[in-house]
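Okay, so here's the structure we're looking at.
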4 protein chains.
Amino acid sequence: MEDDSNSLWYEERFTESLRYMCRVDTYIFSHKSRWQKIEILHTKVWGKVLFLDGKIQSAQIDEFIFHEALVHTPMFVHPAPHKVLVIGGGEGADLREILRHNTVDKVVMVDIDGELVDACKKYLPEWSCGAFDDPRVELHIDDGRDWLTRCEDKFDIVIIDLTEPLEGGPSLKLFTREFYELVKSSLTPEGVISVQSGSAAPSHCRFFSSVYKTLRAVFPIVSPYWAYIYTFQMPWGFNLATLTLDPLVDTTTLERRQTERQVTGLRYYSPHLHRAMFTLPVYLQKALTEDGYVIEDNTPYVWEA
Amino acid sequence: MEDDSNSLWYEERFTESLRYMCRVDTYIFSHKSRWQKIEILHTKVWGKVLFLDGKIQSAQIDEFIFHEALVHTPMFVHPAPHKVLVIGGGEGADLREILRHNTVDKVVMVDIDGELVDACKKYLPEWSCGAFDDPRVELHIDDGRDWLTRCEDKFDIVIIDLTEPLEGGPSLKLFTREFYELVKSSLTPEGVISVQSGSAAPSHCRFFSSVYKTLRAVFPIVSPYWAYIYTFQMPWGFNLATLTLDPLVDTTTLERRQTERQVTGLRYYSPHLHRAMFTLPVYLQKALTEDGYVIEDNTPYVWEA
Amino acid sequence: MEDDSNSLWYEERFTESLRYMCRVDTYIFSHKSRWQKIEILHTKVWGKVLFLDGKIQSAQIDEFIFHEALVHTPMFVHPAPHKVLVIGGGEGADLREILRHNTVDKVVMVDIDGELVDACKKYLPEWSCGAFDDPRVELHIDDGRDWLTRCEDKFDIVIIDLTEPLEGGPSLKLFTREFYELVKSSLTPEGVISVQSGSAAPSHCRFFSSVYKTLRAVFPIVSPYWAYIYTFQMPWGFNLATLTLDPLVDTTTLERRQTERQVTGLRYYSPHLHRAMFTLPVYLQKALTEDGYVIEDNTPYVWEA
Amino acid sequence: MEDDSNSLWYEERFTESLRYMCRVDTYIFSHKSRWQKIEILHTKVWGKVLFLDGKIQSAQIDEFIFHEALVHTPMFVHPAPHKVLVIGGGEGADLREILRHNTVDKVVMVDIDGELVDACKKYLPEWSCGAFDDPRVELHIDDGRDWLTRCEDKFDIVIIDLTEPLEGGPSLKLFTREFYELVKSSLTPEGVISVQSGSAAPSHCRFFSSVYKTLRAVFPIVSPYWAYIYTFQMPWGFNLATLTLDPLVDTTTLERRQTERQVTGLRYYSPHLHRAMFTLPVYLQKALTEDGYVIEDNTPYVWEA
């Protein structure tokens, strides 16, 4: 044992046959909210980490990779994003990244779990960096789907940052064709959406493929992309869908947009990386073609832990 | 416990505070060779896996990612690779990938650990797919550096596929400026080398940076690149160095070369992915600039487990 | 990691919230027999270990404690045991201990799992020490209860050495009142039986209590006793039942019997320890009185892992 | 994962090759005091648990076994204990047990770690049950050996309840012949001491043997005894030493003393168990004879984790 270290470990089980353990410095917060088990802890190797229902959501050391990939990719595809909607994203890091774009007038965030949002504000302020207090931000504690059904507003960008669809969990109905129809109807004509879409590892990319196929059933243009989230210990899949715009914006345009919007301080995303993220290896291309199915309300995708 | 599963686990420690465990179906082979501890086992989640000195080397489920990235990237940069040298690469998977290129007349492989090579031939035939029996292949059991010192041959491609430089381990003197000088002197004028260069994860990329800087001290052109090795649970770094050639060959040329050389059956590498692999995220660009040092014989890089 | 050690661990789960891990030197044997999962392995700390269905059965370092406690306690209560029956006891260590008593003419062992017995003969010869080849020993591969139903023989001693009654496992019907009636009917008038009866730890002694109460429903004299099995990581319960004899034989008589029978080489049991083993702490006395129930065929005790 | 359970585990390493893990409900307290790392946590299986320097000290489910064995055994050997000294015993559970004897006028407790005592008072009140507030109790935060050197008082009973002598730890000089000489000189003529003496497991009883031999070098009468502490996952050794009294008091006398002193509520110790605890199995008798050495200041016993 290291001299002053606690003998306390956090264990995440990927499957019955694979797990990892991370030594805990401080177990900061543990609470069973109405929706999920929330755990926040501090580790020497990864800094603070958030787990929901025993699955890692983000870690201080590399949450920037996930959130920059999820947010800036669609934001830079759009020529001038003014109104942005975030569904999920309780940590507030999506907000932080969105607000870097000075074109943004308004960000609406809808998360089902107010207890999670409160815990993140209190214990993970490094994630939101004050974004919850930004006057452009409007927070609704609500089911994203219910809220969208009632919503009459239109958005340039929709960021969908949800937990995996666990059996009985809050995300189950937010990965379906019916839900994406709703999202589509809330977009402005040049609207762009991005969706966190789960593991992109060999043999563990059926969920990624299914989200891709489901979006394809709704949107005219869908481009899958990926990033490597170190603390997820896997390459990770995303999907970008648009009504009209080409996701593969040329690098010069992206650079101009970054300069004009005064987006600085990025640690993962760059205009050069934009295209690279959309370039998938052969195994993923194949999986996206051959694997998965169109998820519908009556045939939901249930994540098997 | 799953019904018929063994209660046997393999544990790899990344650091004192981070480890993962993988359930073992069959513990196939364990042997302390003259050079290292060799362990080969079968797991449900990853198929067969090879560990050296307790560190994962390759797994059946995704060894193709590592070996395709390490081999095809330099092979396709070269207009017509005839003679190839592999230093390390005991599994024989580098050979397998090299031999896909029909331009290849001869492949020399130098691995220090004959017991490892024998074990891989016997227990991991899926890695080499018969490559050790190919008449173009010449195998030397020797220290790569000693062998190179005596070698008077010249190679178009040199693949350096070594284990991390553990204290007292066989790889310590094969990541130094002096060694790379030796490699350089064994290249044909259009020669290309690739070097497996360790983790590319945030905060764990000092080795990658150091190998990069060391190669920069020797070669006129050095380009770092990366790939996502799922079972390493990290993004992984590589370096490609050349005497004269530009690593960023255009996609059309790469596609032509792949067709002409009749390279088929790839599952990770593609001409499109080639450029994407060389596009690094901001944090890695920064680390490669700011972190690391030129490794020399008298200031070796010692991997801290 | 110790220098030459494998990174291989055996994990036993006591409950969902408690488990231990033991580093494995050699994973000797793994087989799913018709009846149970058999695993035999070698560890540095405990020597060879046998697991059935993921639960430790005996370890080289201290199997003598279990087997001496189970065998010599009833054997020395009886003035002159000639015929002994063992139900279960696949390792052959019960045989080894029984045969130390030179009064013994015949030992019949009935174990349901011939594959287990074969594996123990082959891989755990240190347990049986040749006992299976002793001409006094007669081995039947059969269900103990079925065999007893057909058996017309009478025994001075019956040793019941069964695995915990797992759901669907082979031992479920051999811990019931009906089974003990059968055992009773196979005893000579001065007959003595001993039964391995599970954990004697605080809050984990309901099985021990239930076996005690079930025997009490059948035998006129029942005395619970205990021993400290280190590798079970728990104090362990046993029950001794007789038709007429007092289990608390005085120490002088026990010493005389040990001398006369030329029983030597014991490492746990001694005439002095005999009485101490029957002296239970307050919490166990209380549990044996207040906890548990009479197990019957239609209300079996199912072990919850 | 159980529904509401944390994925948090406490790991204790016995050796490099053996460890156990216990799921944590609440991680209550963690502090590096001047003397040791203190951790207090709540588990479903064992209730609250105290660890010092990563080694379990006591658990709510069975601390009564340890403390009753350590305290009542010497207390009942003495015909009328009035003044009692406890060295160590920071949890306050020794006090709780001592105060059950209505003969006691005064208990002095000397523990080196005031931060530990404060933490136990605050977080483990179930251990001391108010004993720290009893007017008969006098608490000194001091090194037990230094304190004894200056002490001019005499005691009927001395309870020595110290952590294992870790390298550089606070207990290293309190398991030596020189220290026991000091203890001896502080006893009344009928004085009795008990010493927690570590593991009594096969092959792990060299420390027990050494403490025994060291006491033998100082006291005319020394009797080793044992108990099974479930959460230590081992049988545990103790030594009782006296100047004149016979430790094996007859059961009738013990029962009379218990009644006269109105000692009630015991859950482990009983007059019947008294003698049984002093009856050791053959392997321990042998180890106590053949193993270990007389520990002196210049040849300290250092616990190897």
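FYI, nothing fancy with the structure tokens labels: chains A, B, ... in order, residues from 1 per chain, ligands from 1 as they appear.
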Contacts of region 7-14 of chain A at 7 Å or less, counting only C-alpha atoms, minus same-chain residues fewer than 6 places along, as a list in words? Tyr20, Met21, Cys22, Arg23, Val24, Gly54, Lys55 and Ala305 of chain A; Ser7, Leu8, Trp9, Tyr10, Glu11, Glu12 and Gly54 of chain D
Would you list the contacts of Asp118 (chain C) as a PDB file with C-alpha atoms, in the first residue's frame, taking every protein, DNA or RNA residue within 12 Å and counting only C-alpha atoms, but skipping same-chain residues closer than 5 positions in sequence?
ATOM      1  CA  PHE C  29      -7.435 -28.900 -13.231  1.00  0.00           C
ATOM      2  CA  HIS C  31     -13.719 -29.670 -15.203  1.00  0.00           C
ATOM      3  CA  SER C  33     -18.467 -32.955 -14.024  1.00  0.00           C
ATOM      4  CA  ILE C  38     -14.299 -29.048 -10.083  1.00  0.00           C
ATOM      5  CA  GLY C  90     -14.236 -37.350  -2.393  1.00  0.00           C
ATOM      6  CA  GLU C  91     -10.700 -36.185  -1.602  1.00  0.00           C
ATOM      7  CA  GLY C  92      -9.974 -39.397   0.318  1.00  0.00           C
ATOM      8  CA  ASP C 111     -19.429 -40.455  -3.350  1.00  0.00           C
ATOM      9  CA  ILE C 112     -21.748 -39.371  -6.132  1.00  0.00           C
ATOM     10  CA  ASP C 113     -19.062 -37.889  -8.323  1.00  0.00           C
ATOM     11  CA  TYR C 123      -4.056 -34.395  -8.559  1.00  0.00           C
ATOM     12  CA  LEU C 124      -4.405 -34.469  -4.775  1.00  0.00           C
ATOM     13  CA  PRO C 125      -2.569 -37.652  -3.725  1.00  0.00           C
ATOM     14  CA  SER C 128      -5.612 -39.708   0.408  1.00  0.00           C
ATOM     15  CA  PHE C 132      -7.962 -45.599  -2.002  1.00  0.00           C
ATOM     16  CA  LEU C 139     -15.534 -47.304  -3.032  1.00  0.00           C
ATOM     17  CA  ILE C 141     -19.778 -44.091  -7.000  1.00  0.00           C
TER      18      ILE C 141
END
When you look at region 74-81 of chain D with a cut-off of 8 Å (counting only C-alpha atoms), what residues show up, excluding the ones that are within fewer than 3 positions of it in the same chain? I need them as a compact mmCIF listing (two decimals) with C-alpha atoms, in the first residue's frame.
# COMPACT_ATOMS: atom_id res chain seq x y z
CA LEU D 70 -8.81 -10.55 25.87
CA VAL D 71 -10.49 -9.04 28.94
CA VAL D 84 -6.82 -2.38 35.81
CA ILE D 98 -13.59 -4.38 32.25
CA THR D 103 -14.96 -5.19 41.72
CA VAL D 104 -13.23 -2.62 39.57
CA ASP D 156 -4.15 -6.21 39.43
CA ILE D 157 -4.71 -6.63 35.73
CA GLU D 190 -1.57 -11.61 42.30
CA GLY D 191 -1.38 -9.65 39.08
CA VAL D 192 -2.54 -11.07 35.73
CA ILE D 193 -1.84 -9.80 32.26
CA SER D 194 -3.25 -10.66 28.85
CA LEU D 240 -2.05 -14.81 29.71
CA LEU D 245 -2.05 -17.58 39.94
CA ASP D 246 -3.04 -20.64 37.95
CA PRO D 247 -4.85 -19.59 34.74
CA LEU D 248 -6.91 -22.79 34.70
CA VAL D 249 -9.39 -21.81 37.39
CA LEU D 254 -15.42 -18.94 37.55
CA ARG D 257 -17.09 -15.00 40.31
CA GLN D 258 -19.30 -14.16 37.37
Do you have the CA of Arg206 (chain D)-CA of Gln285 (chain D) distance handy?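 Separation between CA of Arg206 (chain D) and CA of Gln285 (chain D): 11.9 Å.
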So which one's closest to Lys83 (chain B), B:Leu116, B:Ala59, B:Val49, B:Val158? Using only C-alpha atoms, please. B:Val158
Long-range neighbours of region 175-188 of chain C as an MDAnalysis selection string, 8 Å cut-off, only C-alpha atoms, 4 positions minimum in chain: chainID C and resid 145 148:149 151:158 165 171 192 211 214:215 217:219 294:297 300:301
Which of region 89-156 of chain A end up as helix (DSSP H, G or I) when DSSP is run on this backbone - answer as a ChimeraX atom specification? /A:93-98,114-123,125-128,131-133,144-150
Can you tell me which residues surround Leu95 (chain A) at a distance of at most 12 Å, considering only C-alpha atoms, apart from same-chain residues fewer than 5 positions away, and format the answer as a PyMOL selection string? chain A and resi 67-68+70-72+84-90+100-101+104+106-110+127-139+158-159+161
Residue subset to file, keeping C-alpha atoms, as an mmCIF file, in the first residue's frame:
data_model
loop_
_atom_site.group_PDB
_atom_site.id
_atom_site.type_symbol
_atom_site.label_atom_id
_atom_site.label_comp_id
_atom_site.auth_asym_id
_atom_site.auth_seq_id
_atom_site.Cartn_x
_atom_site.Cartn_y
_atom_site.Cartn_z
ATOM 1 C CA HIS A 67 -17.532 16.805 -23.984
ATOM 2 C CA GLU A 68 -15.446 18.508 -26.657
ATOM 3 C CA LEU A 70 -19.850 15.707 -28.334
ATOM 4 C CA VAL A 71 -20.292 19.499 -28.425
ATOM 5 C CA HIS A 72 -17.808 21.132 -30.797
ATOM 6 C CA VAL A 84 -28.862 25.112 -28.375
ATOM 7 C CA LEU A 85 -30.698 22.349 -26.554
ATOM 8 C CA VAL A 86 -28.962 19.809 -24.288
ATOM 9 C CA ILE A 87 -30.852 16.712 -23.278
ATOM 10 C CA GLY A 88 -29.158 15.082 -20.311
ATOM 11 C CA GLY A 89 -25.653 16.311 -19.601
ATOM 12 C CA GLY A 90 -26.234 16.733 -15.876
ATOM 13 C CA ARG A 100 -17.401 28.998 -25.623
ATOM 14 C CA HIS A 101 -19.120 29.832 -28.937
ATOM 15 C CA VAL A 104 -24.846 31.343 -28.737
ATOM 16 C CA LYS A 106 -29.581 30.703 -25.445
ATOM 17 C CA VAL A 107 -28.937 27.186 -24.144
ATOM 18 C CA VAL A 108 -31.759 25.103 -22.771
ATOM 19 C CA MET A 109 -30.767 22.063 -20.754
ATOM 20 C CA VAL A 110 -33.297 19.399 -19.819
ATOM 21 C CA TRP A 127 -17.177 20.444 -14.929
ATOM 22 C CA SER A 128 -19.606 23.325 -15.350
ATOM 23 C CA CYS A 129 -17.161 26.158 -14.535
ATOM 24 C CA GLY A 130 -20.034 28.398 -13.575
ATOM 25 C CA ALA A 131 -22.076 27.625 -16.693
ATOM 26 C CA PHE A 132 -25.256 27.006 -14.706
ATOM 27 C CA ASP A 133 -25.136 30.655 -13.630
ATOM 28 C CA ASP A 134 -24.713 31.999 -17.149
ATOM 29 C CA PRO A 135 -27.733 34.151 -18.045
ATOM 30 C CA ARG A 136 -27.957 32.451 -21.437
ATOM 31 C CA VAL A 137 -28.651 29.094 -19.746
ATOM 32 C CA GLU A 138 -32.141 27.853 -18.919
ATOM 33 C CA LEU A 139 -32.392 24.621 -16.903
ATOM 34 C CA VAL A 158 -29.402 19.549 -30.059
ATOM 35 C CA ILE A 159 -26.863 17.714 -27.912
ATOM 36 C CA ASP A 161 -25.947 13.277 -23.710
#
Could you pull the residues within 8 Å of Phe51 (chain A), counting only C-alpha atoms, minus those fewer than 5 positions along the same chain, as a list in words?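 So, after excluding close chain neighbours, the residues are Lys37, Ile38, Glu39, Ile40, Ile56, Gln57 and Ser58 of chain A.
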For chain B, which residues have at least one atom within 9 Å of chain A, if we go by only C-alpha atoms? Write them as a ChimeraX atom specification, please. /B:1-2,9,15-24,43-45,61-62,65,201-203,228-235,266-270,272-273,275-284,286
Residue with smallest distance to Val195 (chain D) - pool D:Val302, D:Ile160, D:Cys120, D:Leu50, counting only C-alpha atoms: D:Ile160
To one decimal place, how far is CA of Arg34 (chain C) from CA of Gly114 (chain C) in Å?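 That distance, rounded to one decimal, is 9.3 Å.
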Based on the backbone DSSP call, show me all residues of region 49-183 of chain A assigned strand (DSSP E or B), as a VMD selection string. chain A and resid 49 to 52 55 to 59 83 to 88 106 to 111 137 to 141 155 to 161
